[in-house]
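A quick write-up on the structure given underneath.
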Amino acid sequence: MIVTKSYEDSCQRAAELIEAAVLANPQAKLGLATGGTPLPIYRRLIEDCKAGKISFAKVRTVNLDEYCGLNGSNTQSYRWFMDHNLFNEIDIDKTNTYVPSGLGDLAANCREVDKKVRENGVPELQLLGIGNNGHIGFNEAADLLHTETHIEQLTESTIAANARFFDKSEDVPTQAITMGLSSILAAKSIVLVATGAAKAAAIRGLLCNDEVTTQNPSTFLKLHPNATVIIDAALATAAGYEN
């Protein structure tokens, strides 16, 4: 658990952990995330790569999820997000990057994700954000959670949170292909970064008691032997967390 002074500091710490994993193993596999949370982290990785402090030339990556119904050239797809916010700006071989497909045979796509997570070794590090309801990836709060990659029906709160990225609310996808919990927890280490008062209830459930519940999927990180949660002081206060 790391509490920083600011979200900027949180992103710096997360970037340092990612770079440490790559420096320790230049051929490392990284599990990556999308959305607003990792953007400052990726900017720091880009800066350090361009400055010659780190190389991703032999790194492999696998992403958590993708919207159903969007192809990779759609500016709201997660493939487009990763290309334009990270991959195009660093020295990675893009053939070694994998973002799930939300088109075509979705059942086959789900099986492919789980294969990619585990082939030639599981990720050295999985980067995560967290939703307002505690979702990780697109594993929404529910009575039952999936262990493997699956198609998730997004909740109204998640759809509303994602609407800011789209021109019209009706354009927001209502389904996504996402790693399940066993695929996420397979990583050797996990780094979750969060900020904002809207995440306080989810972070409180993750940090302030021992309960593991499907109603807050992030709480399953308590079962992982090497999970690091990084939050800023403002979120720690809002969540009632005492370091």
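Going through the structure tokens in order, the chains are called A, B, and so on, while each chain numbers its residues from 1 and the ligands are numbered from 1 in the order shown.
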Need to verify the contact set: A:Ala176, 12 Å, only C-alpha atoms, exclusion of same-chain residues closer than 4 positions in sequence. Can you return it as an mmCIF file with N, CA and C atoms, in the first residue's frame?
data_model
loop_
_atom_site.group_PDB
_atom_site.id
_atom_site.type_symbol
_atom_site.label_atom_id
_atom_site.label_comp_id
_atom_site.auth_asym_id
_atom_site.auth_seq_id
_atom_site.Cartn_x
_atom_site.Cartn_y
_atom_site.Cartn_z
ATOM 1 N N LEU A 64 -6.199 -5.738 -20.829
ATOM 2 C CA LEU A 64 -7.300 -6.309 -20.047
ATOM 3 C C LEU A 64 -8.572 -6.530 -20.841
ATOM 4 N N ASP A 65 -8.914 -5.585 -21.724
ATOM 5 C CA ASP A 65 -10.279 -5.582 -22.229
ATOM 6 C C ASP A 65 -10.409 -4.772 -23.510
ATOM 7 N N GLU A 66 -11.604 -4.835 -24.082
ATOM 8 C CA GLU A 66 -11.931 -4.060 -25.269
ATOM 9 C C GLU A 66 -13.456 -3.987 -25.370
ATOM 10 N N TYR A 67 -13.952 -2.877 -25.891
ATOM 11 C CA TYR A 67 -15.381 -2.746 -26.139
ATOM 12 C C TYR A 67 -15.819 -3.721 -27.231
ATOM 13 N N CYS A 68 -16.995 -4.260 -27.084
ATOM 14 C CA CYS A 68 -17.594 -5.058 -28.152
ATOM 15 C C CYS A 68 -18.180 -4.122 -29.203
ATOM 16 N N GLY A 69 -17.960 -4.469 -30.473
ATOM 17 C CA GLY A 69 -18.567 -3.728 -31.559
ATOM 18 C C GLY A 69 -17.695 -2.644 -32.167
ATOM 19 N N LEU A 70 -16.505 -2.404 -31.604
ATOM 20 C CA LEU A 70 -15.617 -1.376 -32.145
ATOM 21 C C LEU A 70 -14.374 -2.029 -32.750
ATOM 22 N N SER A 77 -11.891 2.842 -29.490
ATOM 23 C CA SER A 77 -11.480 1.473 -29.172
ATOM 24 C C SER A 77 -10.242 1.497 -28.293
ATOM 25 N N TYR A 78 -10.032 0.436 -27.567
ATOM 26 C CA TYR A 78 -8.866 0.369 -26.693
ATOM 27 C C TYR A 78 -7.580 0.072 -27.477
ATOM 28 N N PRO A 100 -7.473 -7.405 -26.852
ATOM 29 C CA PRO A 100 -8.553 -8.302 -27.263
ATOM 30 C C PRO A 100 -9.405 -7.688 -28.368
ATOM 31 N N SER A 101 -10.035 -8.556 -29.148
ATOM 32 C CA SER A 101 -10.963 -8.109 -30.182
ATOM 33 C C SER A 101 -12.393 -8.290 -29.689
ATOM 34 N N GLY A 102 -13.189 -7.239 -29.880
ATOM 35 C CA GLY A 102 -14.608 -7.310 -29.536
ATOM 36 C C GLY A 102 -15.481 -7.538 -30.748
ATOM 37 N N LEU A 103 -14.889 -8.052 -31.833
ATOM 38 C CA LEU A 103 -15.607 -8.314 -33.079
ATOM 39 C C LEU A 103 -15.502 -9.799 -33.445
ATOM 40 N N LEU A 106 -16.860 -14.071 -30.639
ATOM 41 C CA LEU A 106 -16.490 -13.569 -29.312
ATOM 42 C C LEU A 106 -16.047 -14.689 -28.371
ATOM 43 N N ASN A 109 -12.566 -15.367 -29.223
ATOM 44 C CA ASN A 109 -11.746 -14.246 -28.763
ATOM 45 C C ASN A 109 -11.457 -14.358 -27.276
ATOM 46 N N CYS A 110 -12.452 -14.776 -26.499
ATOM 47 C CA CYS A 110 -12.263 -14.943 -25.052
ATOM 48 C C CYS A 110 -11.202 -16.000 -24.770
ATOM 49 N N GLY A 137 -10.701 -4.323 -14.619
ATOM 50 C CA GLY A 137 -11.071 -4.683 -15.974
ATOM 51 C C GLY A 137 -12.505 -4.207 -16.140
ATOM 52 N N PHE A 138 -13.318 -5.053 -16.753
ATOM 53 C CA PHE A 138 -14.754 -4.771 -16.799
ATOM 54 C C PHE A 138 -15.523 -5.815 -15.992
ATOM 55 N N ASN A 139 -14.900 -6.336 -14.953
ATOM 56 C CA ASN A 139 -15.597 -7.263 -14.056
ATOM 57 C C ASN A 139 -16.463 -6.441 -13.114
ATOM 58 N N GLU A 140 -17.756 -6.384 -13.437
ATOM 59 C CA GLU A 140 -18.679 -5.545 -12.695
ATOM 60 C C GLU A 140 -19.115 -6.212 -11.389
ATOM 61 N N THR A 149 -11.806 -15.050 -19.152
ATOM 62 C CA THR A 149 -12.239 -13.973 -20.041
ATOM 63 C C THR A 149 -13.658 -14.241 -20.536
ATOM 64 N N HIS A 150 -14.449 -13.182 -20.613
ATOM 65 C CA HIS A 150 -15.865 -13.332 -20.930
ATOM 66 C C HIS A 150 -16.403 -12.023 -21.495
ATOM 67 N N ILE A 151 -17.650 -12.062 -21.944
ATOM 68 C CA ILE A 151 -18.345 -10.863 -22.393
ATOM 69 C C ILE A 151 -19.164 -10.331 -21.229
ATOM 70 N N GLU A 152 -18.901 -9.089 -20.858
ATOM 71 C CA GLU A 152 -19.553 -8.478 -19.696
ATOM 72 C C GLU A 152 -20.584 -7.453 -20.146
ATOM 73 N N GLN A 153 -21.772 -7.541 -19.580
ATOM 74 C CA GLN A 153 -22.783 -6.513 -19.777
ATOM 75 C C GLN A 153 -22.471 -5.378 -18.813
ATOM 76 N N LEU A 154 -22.201 -4.207 -19.339
ATOM 77 C CA LEU A 154 -21.763 -3.104 -18.487
ATOM 78 C C LEU A 154 -22.935 -2.523 -17.711
ATOM 79 N N THR A 155 -22.666 -2.116 -16.475
ATOM 80 C CA THR A 155 -23.708 -1.524 -15.647
ATOM 81 C C THR A 155 -23.986 -0.091 -16.096
ATOM 82 N N THR A 158 -21.227 2.285 -15.043
ATOM 83 C CA THR A 158 -20.024 2.224 -15.869
ATOM 84 C C THR A 158 -20.263 2.884 -17.213
ATOM 85 N N ILE A 159 -21.413 2.643 -17.805
ATOM 86 C CA ILE A 159 -21.750 3.277 -19.078
ATOM 87 C C ILE A 159 -21.759 4.799 -18.916
ATOM 88 N N VAL A 172 -22.099 4.935 -26.510
ATOM 89 C CA VAL A 172 -21.277 4.189 -25.549
ATOM 90 C C VAL A 172 -21.609 2.708 -25.635
ATOM 91 N N GLY A 180 -11.188 -12.274 -16.923
ATOM 92 C CA GLY A 180 -11.809 -12.585 -15.647
ATOM 93 C C GLY A 180 -10.791 -12.520 -14.525
#
Could you pull out the helix (DSSP H, G or I) residues of stretch 11-243 of chain A from DSSP and send them as a VMD selection string? chain A and resid 11 to 24 39 to 50 78 to 85 87 to 89 94 to 96 106 to 118 156 to 165 169 to 171 181 to 185 197 to 207 217 to 223 233 to 239
Could those residues be written to a file, using C-alpha atoms, as an mmCIF file, in the first residue's frame?
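Output (again.cif):
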data_model
loop_
_atom_site.group_PDB
_atom_site.id
_atom_site.type_symbol
_atom_site.label_atom_id
_atom_site.label_comp_id
_atom_site.auth_asym_id
_atom_site.auth_seq_id
_atom_site.Cartn_x
_atom_site.Cartn_y
_atom_site.Cartn_z
ATOM 1 C CA CYS A 11 1.522 7.896 -11.422
ATOM 2 C CA GLN A 12 5.249 8.438 -11.018
ATOM 3 C CA ARG A 13 5.465 5.570 -8.518
ATOM 4 C CA ALA A 14 3.469 3.282 -10.810
ATOM 5 C CA ALA A 15 5.713 4.138 -13.769
ATOM 6 C CA GLU A 16 8.767 3.379 -11.641
ATOM 7 C CA LEU A 17 7.376 -0.068 -10.747
ATOM 8 C CA ILE A 18 6.686 -0.846 -14.401
ATOM 9 C CA GLU A 19 10.167 0.268 -15.423
ATOM 10 C CA ALA A 20 11.718 -1.777 -12.622
ATOM 11 C CA ALA A 21 9.972 -4.882 -13.958
ATOM 12 C CA VAL A 22 11.328 -4.200 -17.461
ATOM 13 C CA LEU A 23 14.842 -3.435 -16.248
ATOM 14 C CA ALA A 24 14.828 -6.703 -14.293
ATOM 15 C CA LEU A 39 -2.694 8.125 -19.106
ATOM 16 C CA PRO A 40 -0.199 10.024 -16.894
ATOM 17 C CA ILE A 41 1.622 6.745 -16.265
ATOM 18 C CA TYR A 42 2.023 6.138 -19.975
ATOM 19 C CA ARG A 43 3.221 9.693 -20.519
ATOM 20 C CA ARG A 44 6.015 9.069 -18.038
ATOM 21 C CA LEU A 45 6.987 5.814 -19.743
ATOM 22 C CA ILE A 46 7.118 7.640 -23.072
ATOM 23 C CA GLU A 47 9.283 10.413 -21.625
ATOM 24 C CA ASP A 48 11.730 7.960 -20.095
ATOM 25 C CA CYS A 49 11.888 5.835 -23.244
ATOM 26 C CA LYS A 50 12.625 8.874 -25.419
ATOM 27 C CA TYR A 78 -8.866 0.369 -26.693
ATOM 28 C CA ARG A 79 -6.527 -0.713 -29.494
ATOM 29 C CA TRP A 80 -6.587 2.869 -30.804
ATOM 30 C CA PHE A 81 -6.105 4.159 -27.242
ATOM 31 C CA MET A 82 -3.036 2.007 -26.647
ATOM 32 C CA ASP A 83 -1.481 2.780 -30.039
ATOM 33 C CA HIS A 84 -1.902 6.543 -29.716
ATOM 34 C CA ASN A 85 -1.194 6.888 -25.999
ATOM 35 C CA PHE A 87 2.771 2.051 -28.393
ATOM 36 C CA ASN A 88 3.320 4.551 -31.213
ATOM 37 C CA GLU A 89 5.551 6.648 -28.938
ATOM 38 C CA LYS A 94 3.757 -3.672 -32.053
ATOM 39 C CA THR A 95 3.519 -7.306 -33.148
ATOM 40 C CA ASN A 96 4.301 -8.085 -29.500
ATOM 41 C CA LEU A 106 -16.490 -13.569 -29.312
ATOM 42 C CA ALA A 107 -16.234 -16.988 -27.654
ATOM 43 C CA ALA A 108 -13.041 -17.715 -29.609
ATOM 44 C CA ASN A 109 -11.746 -14.246 -28.763
ATOM 45 C CA CYS A 110 -12.263 -14.943 -25.052
ATOM 46 C CA ARG A 111 -10.269 -18.171 -25.283
ATOM 47 C CA GLU A 112 -7.507 -16.345 -27.131
ATOM 48 C CA VAL A 113 -7.162 -13.754 -24.359
ATOM 49 C CA ASP A 114 -6.660 -16.425 -21.707
ATOM 50 C CA LYS A 115 -4.103 -18.111 -23.957
ATOM 51 C CA LYS A 116 -2.221 -14.843 -24.466
ATOM 52 C CA VAL A 117 -2.130 -14.186 -20.717
ATOM 53 C CA ARG A 118 -0.365 -17.465 -20.035
ATOM 54 C CA GLU A 156 -25.486 1.787 -16.024
ATOM 55 C CA SER A 157 -22.937 3.437 -13.731
ATOM 56 C CA THR A 158 -20.024 2.224 -15.869
ATOM 57 C CA ILE A 159 -21.750 3.277 -19.078
ATOM 58 C CA ALA A 160 -22.398 6.709 -17.561
ATOM 59 C CA ALA A 161 -18.761 7.012 -16.438
ATOM 60 C CA ASN A 162 -17.540 6.110 -19.940
ATOM 61 C CA ALA A 163 -19.932 8.514 -21.679
ATOM 62 C CA ARG A 164 -17.441 11.376 -21.286
ATOM 63 C CA PHE A 165 -15.275 9.740 -23.957
ATOM 64 C CA SER A 169 -24.362 8.819 -24.750
ATOM 65 C CA GLU A 170 -26.105 6.397 -27.093
ATOM 66 C CA ASP A 171 -22.738 5.675 -28.737
ATOM 67 C CA LEU A 181 -10.390 -12.614 -12.159
ATOM 68 C CA SER A 182 -8.192 -15.689 -12.514
ATOM 69 C CA SER A 183 -6.488 -14.193 -15.566
ATOM 70 C CA ILE A 184 -5.915 -10.897 -13.744
ATOM 71 C CA LEU A 185 -4.659 -12.593 -10.597
ATOM 72 C CA ALA A 197 -13.593 10.909 -4.307
ATOM 73 C CA ALA A 198 -15.887 8.833 -6.535
ATOM 74 C CA LYS A 199 -13.597 5.850 -5.874
ATOM 75 C CA ALA A 200 -13.724 6.257 -2.080
ATOM 76 C CA ALA A 201 -16.319 3.562 -1.353
ATOM 77 C CA ALA A 202 -14.566 1.016 -3.549
ATOM 78 C CA ILE A 203 -11.168 1.797 -2.017
ATOM 79 C CA ARG A 204 -12.657 1.625 1.469
ATOM 80 C CA GLY A 205 -13.857 -1.903 0.744
ATOM 81 C CA LEU A 206 -10.476 -2.849 -0.647
ATOM 82 C CA LEU A 207 -8.298 -1.419 2.117
ATOM 83 C CA PRO A 217 -14.467 -7.101 -7.408
ATOM 84 C CA SER A 218 -11.317 -5.209 -6.423
ATOM 85 C CA THR A 219 -11.416 -6.932 -3.018
ATOM 86 C CA PHE A 220 -10.178 -10.120 -4.694
ATOM 87 C CA LEU A 221 -6.779 -8.442 -4.890
ATOM 88 C CA LYS A 222 -6.510 -9.257 -1.174
ATOM 89 C CA LEU A 223 -5.937 -12.854 -2.282
ATOM 90 C CA ALA A 233 -3.683 11.420 0.253
ATOM 91 C CA ALA A 234 -6.998 13.025 -0.719
ATOM 92 C CA LEU A 235 -8.488 9.654 -1.715
ATOM 93 C CA ALA A 236 -7.060 7.998 1.399
ATOM 94 C CA THR A 237 -8.843 10.584 3.538
ATOM 95 C CA ALA A 238 -12.112 10.245 1.606
ATOM 96 C CA ALA A 239 -11.961 6.455 1.979
#
How would you write, as number ranges by chain, the set of residues in stretch 110-228 of chain A that DSSP gives as strand (DSSP E or B)? A: 125-128, 136, 139, 150-153, 175-178, 190-194, 213, 216, 227-228
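Here the question is which of A:Cys208, A:Ile90, A:Val3, A:Val59 gets nearest to A:Leu30 using only C-alpha atoms, and that residue is A:Val59.
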Judged by only C-alpha atoms, the minimum distance to A:Pro123 among A:Ala28, A:Ala227, A:Ala142, A:Ala51 is found for A:Ala28
Which is closest to A:Gly131 among A:Gly52, A:Pro173, A:Gly196, A:Gly104, if we use only C-alpha atoms? A:Gly196
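Here the question is which of A:Leu127, A:Glu8, A:Asn120, A:Leu144 gets nearest to A:Thr228 using only C-alpha atoms, and that residue is A:Leu127.
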